[in-house]
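Novice: Below you will find the structure I want to go over with you.
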Amino acid sequence: MLNEFQGSNFHFWDSLSQNEKIIQSSKFKSKIGVHSEIGKLRKVFLHSPGQEVELMTPKNASELLYNDIIYYKNIVAGHSQLKSVLSLVSEVIEVSDYLKDILENKAAKDKLLNKILSFQGCLDLKDELMDYSSHDLSHALLTGIPLKRNTLEAWLSNKSFSLVPLPNMYFMRDTSMVVGNRVIASKMASPVRYAESIIMRTIYEYHPNLKGHGLLLDATEKQSDNDFTIEGGDILVINKDLLLIGISERTTSKAIDSLVESLLKARAEDGYLEPFNILCVILPRERSTIHLDMIFTVVNKEQAVVYSPYVLGRERARVVRIRVKPDGDKKFKEVEDLLLGLRSVGVRMDPIPCGGDEPLHQQREQWNSGANLFSFAPGKVISYIHEHTLKACESSGFKIISAKDVTKHPALLQSDSPIVVTVEGSELSRGGGGPRCMTCPVLRDNVE
């Protein structure tokens, strides 16, 4: 409950002068912080798939960004394995729990409903929904409000819902992200995911357990700009001075330019006086490469699982390095490939090939999110069960352990060797993402 909480996290930070922010940064204990892809996980957002997934039909599946309708019981079982493993190593935050919390705050409730209902053209529902309990409203926001057939226009409408359900919500990575001690609120490429990003932005703004240094970028305010989109699957935090960002069908170069300016301002406020780098990876516009993390994820201090054809092969993606000085001066340079681009800024990454060395296996396993792994500590990762990718991980020093064994014997996670914990993802992957897609880290330890 939020009885003790007044105001919002973002408003407090934004009200300070720049000098006050520098002073606060040195003594303020942020409750959020992500400075790498692999630091020991302390706090992570998940959303367990619910009734909203069963509201898809063959007719609306593609509109909701799915290749097909998916079998609810199987994705629940797979997601439960993921949650069980993460609960052994971190605090797991369910979106619905924090959403219920902030809906106890009238200002947050009013603001959230205004934005979502206005966008979906059903502001007439507001008075009714303001009377809902926080539990019932949280459920309605996630599972939708069926269209009432009480007028001729409504009776003839092809729509099924006034307030659309959110079957993509369990892909937590995209709608918001923590970079450093600040939050990026995403502008989604598809309007059907707008409500998700607004829900997450409001949770970060109002929940006392998520106090940080405010917003890094509020892309939700860019709804009228079709050339401005940014999603979390395209952003990898390598260290405090280096980001990898995909330029994809979901993230545009215009949004990256805006993020660079926001980073300059934030680093000045925090007293960082060193240059920083961004490596921009220009992805092919394909269903299997909607985000950068579908071809590249970091699994250890010097190891990454990669989709070789687009990282190292003849079809490799173009990579542009942006070096940004504290005074705002920027230098742009195209580099030969992503791994050499990392080397150029002092980061070594040895590749582990998704699907092994055979092109057929590479294509099949990448399509099913084989390169999309999630690190909960250096050298400790979660993956779907992909035979050839797992063999490649074994050859690179990783021990393979099933989620079922881990939940029975948690001590297995204390292994001194690198480990891959496997979860059943045959149904989850049909939604278009893997373990990294389903997780939104909120707090990690720094990597030594």
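Going by the structure tokens order, chains are called A, B, ..., each with residues numbered from 1, while ligands are numbered from 1 in the order shown.
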Give me the residues near range 421-429 of chain A as a list of chain:residue names, where near means some atom within 8 Å (using only C-alpha atoms) and where sequence neighbours in that chain fewer than 6 positions away do not count.
Specialist: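 The residues satisfying every condition are A:Ile70, A:Tyr71, A:Asn74, A:Ile75, A:Ala77, A:Gly78, A:His79, A:Gln81, A:Leu82, A:Asn368, A:Ser369, A:Lys380, A:Val381, A:Ile382, A:Ser383, A:Tyr384, A:Ile385, A:Ile400, A:Ile401, A:Ser402, A:Ala403, A:Val406.
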Novice: Using only C-alpha atoms, please write the residues we just selected to a file, as an mmCIF file, in the first residue's frame.
Specialist:
data_model
loop_
_atom_site.group_PDB
_atom_site.id
_atom_site.type_symbol
_atom_site.label_atom_id
_atom_site.label_comp_id
_atom_site.auth_asym_id
_atom_site.auth_seq_id
_atom_site.Cartn_x
_atom_site.Cartn_y
_atom_site.Cartn_z
ATOM 1 C CA ILE A 70 -0.816 -19.958 -28.357
ATOM 2 C CA TYR A 71 -1.812 -22.626 -25.874
ATOM 3 C CA ASN A 74 1.752 -24.486 -21.870
ATOM 4 C CA ILE A 75 2.960 -20.892 -21.714
ATOM 5 C CA ALA A 77 3.936 -23.837 -17.324
ATOM 6 C CA GLY A 78 7.012 -22.483 -19.127
ATOM 7 C CA HIS A 79 6.748 -19.056 -17.543
ATOM 8 C CA GLN A 81 9.664 -22.363 -14.568
ATOM 9 C CA LEU A 82 11.281 -19.016 -15.388
ATOM 10 C CA ASN A 368 12.794 -19.739 -31.849
ATOM 11 C CA SER A 369 14.735 -17.192 -29.745
ATOM 12 C CA LYS A 380 24.788 -17.782 -14.984
ATOM 13 C CA VAL A 381 22.031 -17.604 -17.580
ATOM 14 C CA ILE A 382 18.570 -18.853 -18.486
ATOM 15 C CA SER A 383 17.768 -20.271 -21.920
ATOM 16 C CA TYR A 384 15.113 -22.169 -23.780
ATOM 17 C CA ILE A 385 15.967 -25.773 -24.661
ATOM 18 C CA ILE A 400 23.580 -27.300 -18.549
ATOM 19 C CA ILE A 401 20.986 -27.686 -15.770
ATOM 20 C CA SER A 402 17.202 -27.920 -16.106
ATOM 21 C CA ALA A 403 14.865 -25.559 -14.263
ATOM 22 C CA VAL A 406 17.236 -26.290 -9.956
#
Novice: So that I can check the secondary structure, give me every residue of range 354-437 of chain A assigned helix (DSSP H, G or I) by backbone DSSP, as a PyMOL selection string.
Specialist: chain A and resi 359-367+387-395+403-408+410-414+428-431
Novice: Export, as a PDB file, in the first residue's frame, the selected residues with C-alpha atoms.
Specialist:
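Result went into result_38.pdb, see below:
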ATOM      1  CA  PRO A 359      23.512 -22.873 -40.983  1.00  0.00           C
ATOM      2  CA  LEU A 360      20.292 -24.920 -40.871  1.00  0.00           C
ATOM      3  CA  HIS A 361      20.438 -25.289 -37.081  1.00  0.00           C
ATOM      4  CA  GLN A 362      21.420 -21.637 -36.707  1.00  0.00           C
ATOM      5  CA  GLN A 363      18.385 -20.452 -38.643  1.00  0.00           C
ATOM      6  CA  ARG A 364      15.916 -22.761 -36.904  1.00  0.00           C
ATOM      7  CA  GLU A 365      17.099 -22.069 -33.363  1.00  0.00           C
ATOM      8  CA  GLN A 366      17.465 -18.317 -33.866  1.00  0.00           C
ATOM      9  CA  TRP A 367      13.875 -18.192 -35.161  1.00  0.00           C
ATOM     10  CA  GLU A 387      19.928 -28.594 -28.601  1.00  0.00           C
ATOM     11  CA  HIS A 388      22.661 -27.116 -30.767  1.00  0.00           C
ATOM     12  CA  THR A 389      22.927 -23.799 -28.937  1.00  0.00           C
ATOM     13  CA  LEU A 390      23.266 -25.653 -25.641  1.00  0.00           C
ATOM     14  CA  LYS A 391      25.982 -27.873 -27.109  1.00  0.00           C
ATOM     15  CA  ALA A 392      27.843 -24.732 -28.179  1.00  0.00           C
ATOM     16  CA  CYS A 393      27.487 -23.360 -24.639  1.00  0.00           C
ATOM     17  CA  GLU A 394      28.839 -26.631 -23.224  1.00  0.00           C
ATOM     18  CA  SER A 395      31.826 -26.423 -25.563  1.00  0.00           C
ATOM     19  CA  ALA A 403      14.865 -25.559 -14.263  1.00  0.00           C
ATOM     20  CA  LYS A 404      13.139 -28.601 -12.754  1.00  0.00           C
ATOM     21  CA  ASP A 405      16.407 -29.790 -11.195  1.00  0.00           C
ATOM     22  CA  VAL A 406      17.236 -26.290  -9.956  1.00  0.00           C
ATOM     23  CA  THR A 407      13.891 -25.849  -8.198  1.00  0.00           C
ATOM     24  CA  LYS A 408      14.377 -29.208  -6.454  1.00  0.00           C
ATOM     25  CA  PRO A 410      18.707 -24.778  -5.448  1.00  0.00           C
ATOM     26  CA  ALA A 411      22.302 -25.443  -4.395  1.00  0.00           C
ATOM     27  CA  LEU A 412      22.990 -26.222  -8.067  1.00  0.00           C
ATOM     28  CA  LEU A 413      22.911 -22.484  -8.694  1.00  0.00           C
ATOM     29  CA  GLN A 414      25.962 -22.039  -6.481  1.00  0.00           C
ATOM     30  CA  LEU A 428       6.519 -19.243 -25.163  1.00  0.00           C
ATOM     31  CA  SER A 429       8.801 -18.771 -28.162  1.00  0.00           C
ATOM     32  CA  ARG A 430       5.800 -18.764 -30.484  1.00  0.00           C
ATOM     33  CA  GLY A 431       4.935 -15.400 -28.971  1.00  0.00           C
TER      34      GLY A 431
END
Novice: From a DSSP pass on the backbone, collect the residues of range 16-258 of chain A flagged as strand (DSSP E) and hand them back as a compact mmCIF listing (two decimals) with C-alpha atoms, in the first residue's frame.
Specialist:
# COMPACT_ATOMS: atom_id res chain seq x y z
CA LEU A 41 20.35 -9.71 -10.22
CA ARG A 42 18.61 -8.21 -7.17
CA LYS A 43 15.23 -7.11 -8.48
CA VAL A 44 13.37 -7.99 -11.68
CA PHE A 45 9.92 -7.34 -13.19
CA LEU A 46 7.88 -10.23 -14.56
CA GLU A 91 13.27 -10.39 -5.73
CA VAL A 92 10.64 -10.98 -8.41
CA ILE A 93 8.12 -8.17 -8.88
CA GLU A 94 4.84 -9.05 -10.52
CA ILE A 145 -13.20 -4.26 -21.21
CA PRO A 146 -15.62 -5.89 -23.71
CA PHE A 161 -13.29 -4.52 -26.80
CA SER A 162 -13.59 -0.91 -25.75
CA LEU A 163 -10.38 -1.31 -23.77
CA SER A 176 10.41 0.21 -20.19
CA MET A 177 13.97 -0.27 -19.10
CA VAL A 178 16.38 0.86 -16.39
CA VAL A 179 19.66 2.31 -17.69
CA ARG A 182 17.09 6.17 -14.56
CA VAL A 183 14.14 4.89 -16.55
CA ILE A 184 13.39 4.88 -20.26
CA ALA A 185 9.66 4.81 -20.92
CA LEU A 215 13.35 9.61 -16.30
CA LEU A 216 16.20 9.25 -18.73
CA LEU A 217 13.82 9.42 -21.69
CA ASP A 218 10.04 9.69 -21.79
CA ILE A 235 19.12 -1.75 -25.78
CA LEU A 236 21.95 -3.66 -24.08
CA VAL A 237 23.85 -2.05 -21.20
CA ILE A 238 27.45 -3.27 -21.44
CA ASN A 239 28.89 -0.94 -18.80
CA LEU A 242 28.83 1.73 -23.31
CA LEU A 243 25.45 0.81 -24.77
CA LEU A 244 24.61 -1.44 -27.70
CA ILE A 245 21.46 -0.33 -29.55
CA GLY A 246 19.69 -1.97 -32.43
CA ILE A 247 18.26 0.13 -35.24
Novice: Could you tell me how far CA of Leu88 in chain A lies from CA of Asp136 in chain A, in Å and to one decimal?
Specialist: 29.7 Å
Novice: For Leu129 in chain A, which residue among A:Lys109, A:Lys115, A:Arg444, A:His35 is the nearest when counting only C-alpha atoms?
Specialist: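 Result for the nearest residue to Leu129 in chain A: A:Lys109.
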Novice: So, with only C-alpha atoms as the atoms that count, which of A:Phe296, A:Tyr72, A:Tyr98, A:Phe171 lies closest to Cys354 in chain A?
Specialist: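 The shortest atom-to-atom distance to Cys354 in chain A comes from A:Phe296.
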Novice: So which residues touch Leu103 in chain A within 8 Å, counting only C-alpha atoms, skipping near sequence neighbours fewer than 3 positions away, as a list of chain:residue names?
Specialist: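 Non-adjacent residues within range: A:Leu99, A:Lys100, A:Lys106, A:Ala108, A:Lys109, A:Ser134, A:Leu137, A:Ser138.
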Novice: Could you state the separation of CA of Val420 in chain A and CA of Thr439 in chain A in Å, given to one decimal place?
Specialist: 16.2 Å
Novice: Counting only C-alpha atoms, what is within 12 Å of Asn209 in chain A, bar same-chain residues fewer than 5 positions away, as a PyMOL selection string?
Specialist: chain A and resi 1-2+4-5+8-9+29-32+43+91+93+98+101-102+203-204+442-443
Novice: Looking at only C-alpha atoms, which of A:Gly341, A:Gly214, A:Pro351, A:Pro167 is the one that sits closest to Glu196 in chain A?
Specialist: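 Closest to Glu196 in chain A of all the choices is A:Pro167.
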Novice: If we count only C-alpha atoms, what is near Asp174 in chain A at a cut-off of 6 Å, once residues fewer than 4 positions away on the same chain are taken out, given as a compact mmCIF listing (two decimals) with N, CA and C atoms, in the first residue's frame?
Specialist:
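After the write, out39.txt holds the following:
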# COMPACT_ATOMS: atom_id res chain seq x y z
N GLU A 231 12.37 0.55 -28.16
CA GLU A 231 11.94 -0.57 -27.33
C GLU A 231 13.14 -1.23 -26.67
N GLY A 232 12.92 -1.80 -25.49
CA GLY A 232 14.00 -2.29 -24.65
C GLY A 232 14.76 -3.47 -25.19
N GLY A 233 14.16 -4.26 -26.08
CA GLY A 233 14.88 -5.38 -26.67
C GLY A 233 16.05 -4.95 -27.53
Novice: From the list A:Val85, A:Arg316, A:Asn150, A:Glu334, which residue is nearest Phe374 in chain A when using only C-alpha atoms?
Specialist: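 Counting only C-alpha atoms, the residue closest to Phe374 in chain A is A:Val85.
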Novice: Pick from A:Lys240, A:His409, A:Arg250, A:Lys265: nearest to Ala189 in chain A, with only C-alpha atoms counted?
Specialist: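 Answer, going by the shortest atom-to-atom distance: A:Arg250.
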Novice: In terms of the shortest atom-to-atom distance over only C-alpha atoms, which of A:His47, A:Lys211, A:Lys301, A:Lys73 is closest to Val447 in chain A?
Specialist: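 Once distances to Val447 in chain A are computed over only C-alpha atoms, the minimum belongs to A:Lys301.
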